[in-house]
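Peer 1: Next up, coords-v1.txt (compact mmCIF, C-alpha atoms).
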# COMPACT_ATOMS: atom_id res chain seq x y z
CA MET A 1 -4.61 73.92 78.39
CA SER A 2 -1.20 74.34 76.76
CA ALA A 3 2.19 73.43 78.14
CA THR A 4 2.58 76.99 79.38
CA GLU A 5 0.88 78.36 82.46
CA THR A 6 0.03 82.08 82.40
CA SER A 7 0.57 84.10 85.59
CA SER A 8 0.60 87.83 86.29
CA ASN A 9 3.46 89.76 87.80
CA ASP A 10 3.26 93.55 87.92
CA ASN A 11 0.62 93.35 85.19
CA GLN A 12 3.04 91.65 82.83
CA ALA A 13 2.12 88.25 81.40
CA LYS A 14 4.72 85.61 82.05
CA HIS A 15 4.46 82.08 80.68
CA VAL A 16 5.89 79.50 83.05
CA THR A 17 5.46 75.73 82.89
CA ARG A 18 5.63 74.17 86.33
CA VAL A 19 7.27 70.73 86.46
CA ALA A 20 7.37 68.68 89.64
CA ILE A 21 9.84 65.78 89.89
CA ILE A 22 9.35 63.25 92.66
CA GLY A 23 12.66 61.62 93.55
CA ALA A 24 16.23 62.93 93.53
CA GLY A 25 17.95 59.84 92.18
CA ILE A 26 19.86 59.69 88.90
CA GLY A 27 16.73 59.69 86.70
CA GLY A 28 15.02 62.57 88.48
CA LEU A 29 18.14 64.73 88.63
CA ALA A 30 19.01 63.97 84.98
CA PHE A 31 15.54 65.16 83.98
CA ALA A 32 15.93 68.35 86.02
CA VAL A 33 19.32 69.05 84.43
CA ALA A 34 17.98 68.32 80.93
CA LEU A 35 15.06 70.72 81.39
CA THR A 36 17.35 73.55 82.44
CA LYS A 37 19.66 72.90 79.48
CA LEU A 38 16.96 72.50 76.83
CA VAL A 39 14.29 75.02 77.89
CA PRO A 40 15.00 78.78 77.97
CA GLU A 41 15.31 80.25 81.44
CA GLY A 42 12.14 81.94 82.61
CA GLU A 43 9.84 79.64 80.66
CA ILE A 44 9.89 76.76 83.13
CA LYS A 45 9.84 76.26 86.91
CA VAL A 46 11.40 73.00 88.07
CA ASP A 47 10.94 71.61 91.58
CA VAL A 48 12.47 68.36 92.81
CA TYR A 49 10.87 66.70 95.84
CA GLU A 50 12.80 64.16 97.89
CA GLN A 51 11.25 62.32 100.83
CA THR A 52 14.49 61.92 102.81
CA HIS A 53 15.93 64.70 104.97
CA GLU A 54 19.15 64.70 102.95
CA ILE A 55 20.31 63.49 99.56
CA LYS A 56 22.61 60.65 100.52
CA GLU A 57 25.36 59.65 98.13
CA ILE A 58 24.79 55.91 98.43
CA GLY A 59 25.06 52.89 96.20
CA ALA A 60 27.80 50.89 94.53
CA GLY A 61 29.09 50.54 90.97
CA ILE A 62 27.00 51.62 88.01
CA VAL A 63 27.43 51.18 84.25
CA PHE A 64 26.63 53.50 81.35
CA TRP A 65 26.89 52.48 77.70
CA PRO A 66 28.07 54.94 75.01
CA ARG A 67 24.51 56.01 74.12
CA THR A 68 24.04 57.33 77.67
CA TRP A 69 27.47 58.94 77.71
CA ALA A 70 26.48 60.89 74.57
CA ILE A 71 23.49 62.31 76.50
CA PHE A 72 25.76 63.36 79.37
CA GLN A 73 27.93 65.16 76.82
CA ARG A 74 24.94 67.02 75.38
CA LEU A 75 23.85 68.05 78.87
CA GLY A 76 27.31 69.26 79.88
CA VAL A 77 27.77 66.68 82.65
CA SER A 78 30.46 64.53 81.04
CA ASP A 79 33.40 66.79 82.00
CA ALA A 80 32.65 66.40 85.70
CA LEU A 81 32.28 62.64 85.31
CA GLU A 82 35.45 62.17 83.24
CA LYS A 83 37.55 63.11 86.27
CA HIS A 84 36.58 59.78 87.82
CA LEU A 85 37.60 57.63 84.83
CA HIS A 86 40.89 55.95 83.95
CA LYS A 87 40.41 56.76 80.29
CA LYS A 88 38.24 59.16 78.31
CA PRO A 89 35.44 57.22 76.55
CA ASP A 90 35.76 56.66 72.81
CA ASN A 91 34.15 54.54 70.10
CA GLU A 92 37.08 52.18 69.61
CA ARG A 93 36.45 48.44 69.69
CA THR A 94 36.87 47.55 73.35
CA LEU A 95 36.78 44.57 75.67
CA VAL A 96 33.46 44.72 77.50
CA TRP A 97 33.43 41.49 79.51
CA THR A 98 35.73 38.58 80.13
CA VAL A 99 33.64 35.47 80.78
CA ARG A 100 35.14 32.63 82.73
CA LYS A 101 34.07 29.52 84.59
CA GLY A 102 34.90 30.56 88.13
CA ASN A 103 33.48 27.77 90.27
CA GLU A 104 36.65 25.69 90.24
CA GLU A 105 40.11 26.07 91.70
CA ASN A 106 42.04 26.69 88.48
CA SER A 107 39.68 28.83 86.46
CA ALA A 108 40.84 30.59 83.32
CA ASP A 109 39.48 33.01 80.76
CA THR A 110 37.00 31.24 78.50
CA LEU A 111 35.95 33.97 76.10
CA GLU A 112 35.98 37.72 75.65
CA PHE A 113 33.14 39.97 74.54
CA TYR A 114 34.00 43.08 72.49
CA ARG A 115 31.87 46.00 71.30
CA ASP A 116 32.45 49.32 69.58
CA GLY A 117 32.58 51.80 72.42
CA ALA A 118 33.25 50.72 75.98
CA PRO A 119 30.87 51.16 78.88
CA THR A 120 31.89 53.62 81.58
CA HIS A 121 31.93 52.50 85.22
CA PHE A 122 31.24 54.81 88.16
CA HIS A 123 30.28 54.80 91.77
CA ARG A 124 26.60 55.75 91.82
CA ALA A 125 27.28 58.56 94.29
CA VAL A 126 29.67 60.24 91.84
CA VAL A 127 26.99 60.42 89.16
CA GLN A 128 24.32 61.64 91.56
CA LYS A 129 26.62 64.34 92.94
CA SER A 130 27.68 65.52 89.46
CA LEU A 131 24.05 65.87 88.38
CA LEU A 132 23.12 67.69 91.59
CA GLU A 133 25.98 70.14 91.15
CA SER A 134 24.88 70.78 87.56
CA LEU A 135 21.53 72.19 88.66
CA PRO A 136 21.22 75.98 88.50
CA PRO A 137 19.88 77.95 91.51
CA SER A 138 16.51 78.26 89.76
CA VAL A 139 15.83 74.57 90.45
CA GLU A 140 14.58 74.07 93.99
CA VAL A 141 15.24 70.75 95.71
CA HIS A 142 12.76 70.22 98.54
CA LEU A 143 13.89 67.71 101.15
CA PHE A 144 11.65 65.86 103.60
CA HIS A 145 8.70 66.00 101.18
CA ARG A 146 6.89 62.66 101.04
CA LEU A 147 4.11 62.63 98.46
CA THR A 148 0.99 60.89 99.76
CA SER A 149 -1.34 61.47 96.79
CA TYR A 150 -2.03 63.68 93.81
CA ASP A 151 -5.19 65.17 92.30
CA GLU A 152 -5.20 65.73 88.55
CA SER A 153 -7.57 68.11 86.75
CA ASP A 154 -7.72 69.50 83.23
CA ASP A 155 -5.35 72.37 83.94
CA LYS A 156 -3.06 71.25 86.80
CA VAL A 157 -1.96 68.58 89.26
CA ILE A 158 -2.20 69.15 93.03
CA LEU A 159 0.52 67.43 95.05
CA ASN A 160 -0.34 66.39 98.59
CA PHE A 161 2.60 65.92 100.95
CA GLU A 162 2.79 64.45 104.43
CA GLY A 163 3.09 67.30 106.92
CA GLN A 164 3.78 69.90 104.21
CA ASP A 165 1.70 72.36 102.19
CA SER A 166 0.16 71.11 98.96
CA GLN A 167 1.72 72.34 95.71
CA ALA A 168 0.53 72.66 92.11
CA CYS A 169 2.24 71.78 88.84
CA ASP A 170 1.48 71.37 85.15
CA LEU A 171 3.44 68.13 84.74
CA LEU A 172 4.11 65.55 87.44
CA VAL A 173 7.06 63.22 86.81
CA ALA A 174 7.55 60.17 89.01
CA ALA A 175 11.20 59.23 89.47
CA ASP A 176 10.57 57.56 92.81
CA GLY A 177 11.86 54.09 92.07
CA ILE A 178 10.65 50.54 91.77
CA ARG A 179 8.13 50.96 94.61
CA SER A 180 6.82 54.22 93.19
CA HIS A 181 3.82 55.60 95.06
CA ILE A 182 2.81 57.56 91.97
CA ARG A 183 2.94 54.46 89.77
CA ALA A 184 0.61 52.67 92.17
CA GLU A 185 -1.81 55.61 92.26
CA LEU A 186 -1.69 56.06 88.49
CA ILE A 187 -2.55 52.39 87.96
CA GLU A 188 -5.43 52.55 90.45
CA LYS A 189 -6.85 55.67 88.82
CA ARG A 190 -6.16 55.01 85.15
CA PHE A 191 -5.42 51.31 84.65
CA PRO A 192 -7.24 49.33 87.37
CA ASP A 193 -7.04 46.16 85.28
CA GLU A 194 -3.24 46.27 85.65
CA ARG A 195 -3.13 46.25 89.46
CA GLU A 196 -0.76 43.29 89.46
CA SER A 197 1.80 45.53 87.77
CA ILE A 198 2.04 47.65 90.91
CA TYR A 199 4.13 45.02 92.65
CA PRO A 200 7.78 44.20 91.88
CA VAL A 201 8.56 40.66 90.72
CA TRP A 202 11.49 38.68 92.11
CA ASP A 203 13.62 36.85 89.58
CA GLY A 204 14.90 34.47 92.26
CA THR A 205 18.30 36.14 92.57
CA ILE A 206 20.08 37.59 95.58
CA MET A 207 22.94 39.91 94.63
CA TYR A 208 25.80 40.42 97.08
CA ARG A 209 27.29 43.87 96.52
CA SER A 210 30.49 45.35 97.87
CA LEU A 211 33.21 47.88 97.09
CA ILE A 212 36.64 46.37 97.62
CA ASN A 213 39.88 48.28 98.17
CA ALA A 214 41.88 47.56 95.02
CA GLU A 215 45.29 48.22 96.59
CA ARG A 216 44.82 45.46 99.14
CA VAL A 217 43.89 43.03 96.39
CA ARG A 218 46.90 44.17 94.34
CA GLU A 219 49.30 43.52 97.22
CA ALA A 220 48.15 39.92 97.59
CA PHE A 221 47.33 39.21 93.94
CA PRO A 222 49.14 41.66 91.58
CA ASP A 223 47.71 40.10 88.42
CA HIS A 224 44.14 39.80 89.66
CA LEU A 225 41.88 40.04 86.63
CA SER A 226 39.42 42.40 88.31
CA LEU A 227 42.11 45.07 88.65
CA HIS A 228 42.32 45.45 84.88
CA LYS A 229 39.29 43.95 83.17
CA PRO A 230 35.53 43.77 83.58
CA VAL A 231 34.75 40.16 84.42
CA LEU A 232 31.52 38.19 84.20
CA TYR A 233 31.53 35.31 86.65
CA CYS A 234 30.77 37.06 89.79
CA VAL A 235 30.48 40.50 88.07
CA THR A 236 33.43 42.75 88.89
CA TYR A 237 34.94 45.89 87.43
CA PRO A 238 37.27 48.68 88.60
CA ILE A 239 35.75 52.08 89.45
CA MET A 240 36.88 55.45 90.89
CA GLN A 241 40.04 55.49 88.73
CA GLY A 242 40.86 51.93 89.77
CA ARG A 243 40.95 52.61 93.53
CA TYR A 244 38.05 50.25 94.17
CA ILE A 245 36.66 47.09 92.62
CA ASN A 246 32.91 46.84 92.37
CA MET A 247 31.71 43.32 93.08
CA ALA A 248 28.24 41.93 92.46
CA ALA A 249 27.97 38.21 93.17
CA LEU A 250 24.65 36.69 92.14
CA VAL A 251 23.03 33.58 93.59
CA THR A 252 19.79 32.38 92.02
CA ASP A 253 17.08 30.04 93.26
CA TYR A 254 15.32 29.10 90.02
CA THR A 255 12.20 27.92 91.83
CA LYS A 256 11.53 31.47 93.06
CA GLU A 257 11.61 33.16 89.64
CA GLY A 258 8.44 35.20 89.05
CA THR A 259 7.37 35.30 92.70
CA ARG A 260 7.04 38.20 95.15
CA PHE A 261 9.83 38.56 97.68
CA GLU A 262 8.75 38.74 101.32
CA GLY A 263 10.89 40.74 103.72
CA PRO A 264 13.54 43.49 103.46
CA THR A 265 14.96 43.76 99.94
CA VAL A 266 18.33 45.18 101.10
CA GLN A 267 20.20 43.79 104.10
CA GLU A 268 23.73 43.83 105.45
CA THR A 269 25.57 40.51 105.47
CA THR A 270 28.96 39.17 106.50
CA LYS A 271 32.16 38.21 104.75
CA GLU A 272 31.91 34.74 106.32
CA HIS A 273 28.48 34.20 104.77
CA ILE A 274 29.76 35.02 101.27
CA LEU A 275 32.84 32.85 101.73
CA SER A 276 30.58 29.93 102.60
CA ILE A 277 28.51 30.47 99.45
CA PHE A 278 31.52 30.64 97.12
CA ASP A 279 33.61 27.96 98.79
CA GLY A 280 35.56 26.07 96.12
CA TRP A 281 35.61 28.92 93.62
CA SER A 282 38.81 30.24 92.07
CA ALA A 283 41.63 31.74 94.14
CA GLU A 284 41.01 35.10 92.46
CA HIS A 285 37.40 35.11 93.54
CA ARG A 286 38.22 34.13 97.11
CA GLU A 287 40.80 36.90 97.25
CA LEU A 288 38.09 39.44 96.46
CA VAL A 289 35.85 38.15 99.21
CA LYS A 290 38.71 38.15 101.74
CA ASN A 291 39.10 41.89 101.19
CA ILE A 292 35.46 42.81 101.76
CA ASP A 293 34.97 45.28 104.60
CA SER A 294 31.18 45.47 104.34
CA CYS A 295 28.65 43.86 102.08
CA SER A 296 24.92 44.06 101.45
CA LYS A 297 22.60 41.60 99.79
CA TRP A 298 19.98 42.90 97.39
CA THR A 299 16.88 41.20 96.08
CA VAL A 300 16.91 41.43 92.27
CA GLU A 301 13.46 42.52 91.13
CA TYR A 302 11.76 43.98 88.08
CA LEU A 303 8.37 45.40 87.12
CA ASN A 304 5.85 43.93 84.72
CA VAL A 305 5.16 45.86 81.54
CA LEU A 306 2.50 48.59 81.71
CA GLU A 307 0.16 49.53 78.87
CA LYS A 308 1.32 53.15 79.22
CA VAL A 309 4.03 54.88 81.24
CA ALA A 310 2.46 58.34 80.94
CA ILE A 311 -1.00 59.78 80.49
CA GLY A 312 -2.58 63.18 80.96
CA ARG A 313 -0.30 65.27 83.17
CA VAL A 314 1.55 62.39 84.83
CA ALA A 315 4.65 60.55 83.56
CA LEU A 316 6.69 57.70 85.03
CA LEU A 317 10.46 57.78 84.60
CA GLY A 318 13.25 55.25 85.18
CA ASP A 319 12.56 52.47 87.66
CA ALA A 320 9.08 53.84 88.34
CA ALA A 321 8.26 53.08 84.70
CA HIS A 322 10.33 49.98 83.90
CA ALA A 323 12.54 48.73 86.73
CA MET A 324 14.73 45.97 85.34
CA THR A 325 17.29 43.43 86.47
CA PRO A 326 20.97 44.49 86.29
CA ASN A 327 21.95 41.81 83.77
CA LEU A 328 22.48 44.23 80.86
CA GLY A 329 23.79 47.10 82.97
CA SER A 330 21.13 49.33 81.43
CA GLY A 331 18.66 50.36 84.13
CA ALA A 332 20.25 53.72 84.96
CA GLY A 333 20.97 54.38 81.29
CA GLN A 334 17.32 53.87 80.39
CA ALA A 335 16.34 56.34 83.13
CA VAL A 336 18.65 58.94 81.58
CA GLU A 337 17.15 58.25 78.13
CA ASP A 338 13.68 58.75 79.61
CA ALA A 339 14.84 62.06 81.10
CA TYR A 340 16.42 63.33 77.89
CA THR A 341 13.50 62.33 75.67
CA LEU A 342 10.87 63.84 77.97
CA ALA A 343 12.87 67.05 78.36
CA ARG A 344 13.14 67.42 74.58
CA LEU A 345 9.38 66.96 74.28
CA VAL A 346 8.63 69.49 77.02
CA GLY A 347 10.97 71.98 75.35
CA LYS A 348 9.18 71.68 72.02
CA ALA A 349 5.76 71.85 73.68
CA ILE A 350 6.66 75.11 75.43
CA LYS A 351 8.13 76.62 72.28
CA GLU A 352 5.14 75.72 70.11
CA ASN A 353 2.40 76.04 72.75
CA ILE A 354 1.45 72.33 72.59
CA GLN A 355 -0.77 70.71 75.20
CA ILE A 356 0.81 68.66 77.99
CA HIS A 357 -1.26 65.55 77.29
CA ARG A 358 0.31 65.37 73.81
CA VAL A 359 3.75 65.39 75.47
CA THR A 360 2.90 62.38 77.62
CA GLU A 361 1.31 60.60 74.64
CA ALA A 362 4.45 60.99 72.53
CA TYR A 363 6.68 60.02 75.47
CA THR A 364 4.86 56.78 76.20
CA LYS A 365 4.59 55.81 72.52
CA ILE A 366 8.35 55.98 72.07
CA ARG A 367 9.88 55.20 75.45
CA ARG A 368 7.58 52.39 76.60
CA PRO A 369 8.35 49.91 73.76
CA LEU A 370 12.12 50.39 73.82
CA ALA A 371 12.55 50.42 77.60
CA ASN A 372 10.37 47.34 77.94
CA THR A 373 12.42 45.59 75.25
CA VAL A 374 15.53 46.26 77.33
CA LEU A 375 13.71 45.05 80.44
CA GLN A 376 12.77 41.77 78.77
CA GLN A 377 16.22 41.30 77.22
CA SER A 378 17.77 41.86 80.64
CA ASN A 379 15.60 39.10 82.10
CA GLU A 380 16.63 36.80 79.27
CA MET A 381 20.27 37.70 79.81
CA GLY A 382 19.95 36.58 83.43
CA ARG A 383 18.71 33.18 82.30
CA LEU A 384 21.45 33.01 79.69
CA ALA A 385 24.16 33.82 82.25
CA CYS A 386 22.95 30.85 84.29
CA PHE A 387 22.72 28.68 81.15
CA ARG A 388 18.96 28.36 81.66
CA ALA A 389 17.88 30.05 78.42
CA PRO A 390 16.01 28.04 75.74
CA GLY A 391 18.46 25.81 73.89
CA TYR A 392 20.71 25.29 76.91
CA GLU A 393 18.70 22.48 78.46
CA HIS A 394 21.52 19.99 77.90
CA PHE A 395 24.39 22.23 78.98
CA ARG A 396 27.03 20.45 81.06
CA SER A 397 29.93 22.29 82.67
CA ASP A 398 31.88 19.11 83.37
CA ASP A 399 32.33 18.27 79.67
CA LYS A 400 35.44 20.30 78.91
CA GLU A 401 35.50 19.35 75.24
CA ALA A 402 31.96 20.61 74.71
CA LEU A 403 32.33 23.60 77.03
CA ASN A 404 33.99 25.82 74.45
CA ARG A 405 31.19 25.12 71.96
CA TRP A 406 28.64 26.12 74.57
CA PHE A 407 30.53 29.30 75.31
CA GLU A 408 30.72 30.22 71.62
CA ARG A 409 26.96 29.92 71.44
CA PHE A 410 26.71 31.92 74.65
CA LEU A 411 28.79 34.72 73.12
CA ASN A 412 26.55 34.94 70.05
CA ASP A 413 23.40 34.96 72.17
CA PHE A 414 24.95 37.51 74.51
CA ASN A 415 25.66 39.82 71.57
CA GLU A 416 22.09 39.54 70.34
CA LYS A 417 20.83 40.90 73.65
CA PHE A 418 22.42 44.22 72.72
CA GLY A 419 20.85 44.40 69.26
CA TRP A 420 18.52 47.20 70.39
CA THR A 421 21.46 49.58 70.83
CA GLU A 422 22.12 49.68 67.07
CA LYS A 423 18.48 49.45 65.97
CA HIS A 424 17.28 52.30 68.18
CA PRO A 425 19.85 55.14 68.40
CA VAL A 426 18.92 57.78 70.99
CA GLU A 427 18.58 60.75 68.65
CA GLY A 428 16.55 58.70 66.20
CA GLU A 429 14.12 57.74 68.97
CA VAL A 430 13.89 61.35 70.14
CA GLU A 431 13.13 62.53 66.61
CA LYS A 432 10.32 59.97 66.36
CA ALA A 433 8.85 61.35 69.58
CA LEU A 434 9.14 64.94 68.41
CA ASN A 435 7.43 64.05 65.13
CA ILE A 436 4.53 62.46 67.03
CA LEU A 437 4.23 65.63 69.10
As structure tokens, what does this structure read like?

Peer 2:
Amino acid sequence: MSATETSSNDNQAKHVTRVAIIGAGIGGLAFAVALTKLVPEGEIKVDVYEQTHEIKEIGAGIVFWPRTWAIFQRLGVSDALEKHLHKKPDNERTLVWTVRKGNEENSADTLEFYRDGAPTHFHRAVVQKSLLESLPPSVEVHLFHRLTSYDESDDKVILNFEGQDSQACDLLVAADGIRSHIRAELIEKRFPDERESIYPVWDGTIMYRSLINAERVREAFPDHLSLHKPVLYCVTYPIMQGRYINMAALVTDYTKEGTRFEGPTVQETTKEHILSIFDGWSAEHRELVKNIDSCSKWTVEYLNVLEKVAIGRVALLGDAAHAMTPNLGSGAGQAVEDAYTLARLVGKAIKENIQIHRVTEAYTKIRRPLANTVLQQSNEMGRLACFRAPGYEHFRSDDKEALNRWFERFLNDFNEKFGWTEKHPVEGEVEKALNIL
């Protein structure tokens, strides 16, 4: 069976490939947008299924590196997003992070990390809304559709929903997050030896997330570093044209790394609780916490590597394929790269009448290795940020003379974690996939 599905309408043959996307987050919506931009109208039918009764614009700050921004430009989404930026992205050498030792009263900048091309910072809701508004009327978004199972045959996939009619598609794409139901079912059906990979792994970290009104911070602390620079101590950066500061404060229990977290993975917490955790930190840090209105604590988890992220007529995308820790700020970007690569493959398959299973083969051969490299590097970056990476066994923060030498080494190691961005440019990876197809 080819990538096109033949149907009859008034005795005229019409070739339509039916694509079902489960999940209306950034990855799923980016894939829907990419399909409509890269595949001629009338040759594809795209349906997005979301289990909630409304698409809520939730979340906090999110980071995209230049490689992802280039995809947004190709898909025509960048203009809508630029309205929420201080400065239009470029490829100039730019300060990415300021790293400082913050757990003391008089902290100061220790080192700065520069790269060619700055990351862009957004509120997650802004990105989700921009993608949603980029969808043409031909894309149907079905709310309150919770997928319970799927049945795959040689020529189609049947989708079974709770309390809703079953639907059919030619390609099923799971963009339903780290606890993906489709991932679990795919593993049970196709890779039973990898059952342990169904479950998220806790890296021992709790991340306290909040959006802080920047004007209130400015009134009390006009030169606060977080108003102007991205900072890596507790991670902060300005978003929404500088009106808010995104804060992500991470606390790690090293003995819990690699375990499964028991209990709710997202919970509300109080300002007083965070103040107690960061008592004794710098005045700048305490000023941020004082201006918190609400805060949630998130369990930082990731997924173990799968042998394949797509097979037959089913593909995993974004967190459903390779959920990663936030230490490289690359999880959402990798979801967008998944979406763009898979859409390019589907477009070529439709144009050249290529079978769907070859699309998923090419997709998994190219996207799995790179995304899993980023996943592993992100884990290593988390250990490095806590000075727990190999080679840092004798690190001491109280030796001020040696501290700068440690931080120089940290900077070099930090830079190496981004080596994949130069070695694997997006268009080069897409071309490899298209050549496999």

Peer 1: Please, what distance in Å, to one decimal, runs between CA of Val173 (chain A) and CA of Val314 (chain A)?

Peer 2: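 Calculated distance between CA of Val173 (chain A) and CA of Val314 (chain A) is 5.9 Å.
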
Peer 1: Rank nothing, just name the residue among A:His285, A:Arg358, A:His53, A:Arg367 nearest to Val141 (chain A), using all atoms listed in the file.

Peer 2: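 Counting all atoms listed in the file, the residue closest to Val141 (chain A) is A:His53.
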
Peer 1: So, with all atoms listed in the file as the atoms that count, which of A:Leu29, A:Phe410, A:Asn304, A:Thr364 lies closest to Leu384 (chain A)?

Peer 2: A:Phe410

Peer 1: Measure the distance from CA of Leu250 (chain A) to CA of Ser210 (chain A) in Å and round it to one decimal.

Peer 2: 11.9 Å

Peer 1: Could you name the residues that touch Gly163 (chain A) at 10 Å or less, counting all atoms listed in the file, but leaving out those on the same chain fewer than 4 positions away, as a count of residues only?

Peer 2: 5

Peer 1: Which residues are close to Leu342 (chain A), i.e. within 8 Å by all atoms listed in the file, leaving aside same-chain residues fewer than 3 positions away? Reply as a ChimeraX atom specification.

Peer 2: /A:31,338-339,345-346,359,363

Peer 1: Could you turn the residues from that selection into a file that holds C-alpha atoms, as a PDB file, in the coordinates of the input?

Peer 2:
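The new file result.pdb reads:
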ATOM      1  CA  PHE A  31      15.540  65.160  83.980  1.00  0.00           C
ATOM      2  CA  ASP A 338      13.680  58.750  79.610  1.00  0.00           C
ATOM      3  CA  ALA A 339      14.840  62.060  81.100  1.00  0.00           C
ATOM      4  CA  LEU A 345       9.380  66.960  74.280  1.00  0.00           C
ATOM      5  CA  VAL A 346       8.630  69.490  77.020  1.00  0.00           C
ATOM      6  CA  VAL A 359       3.750  65.390  75.470  1.00  0.00           C
ATOM      7  CA  TYR A 363       6.680  60.020  75.470  1.00  0.00           C
TER       8      TYR A 363
END
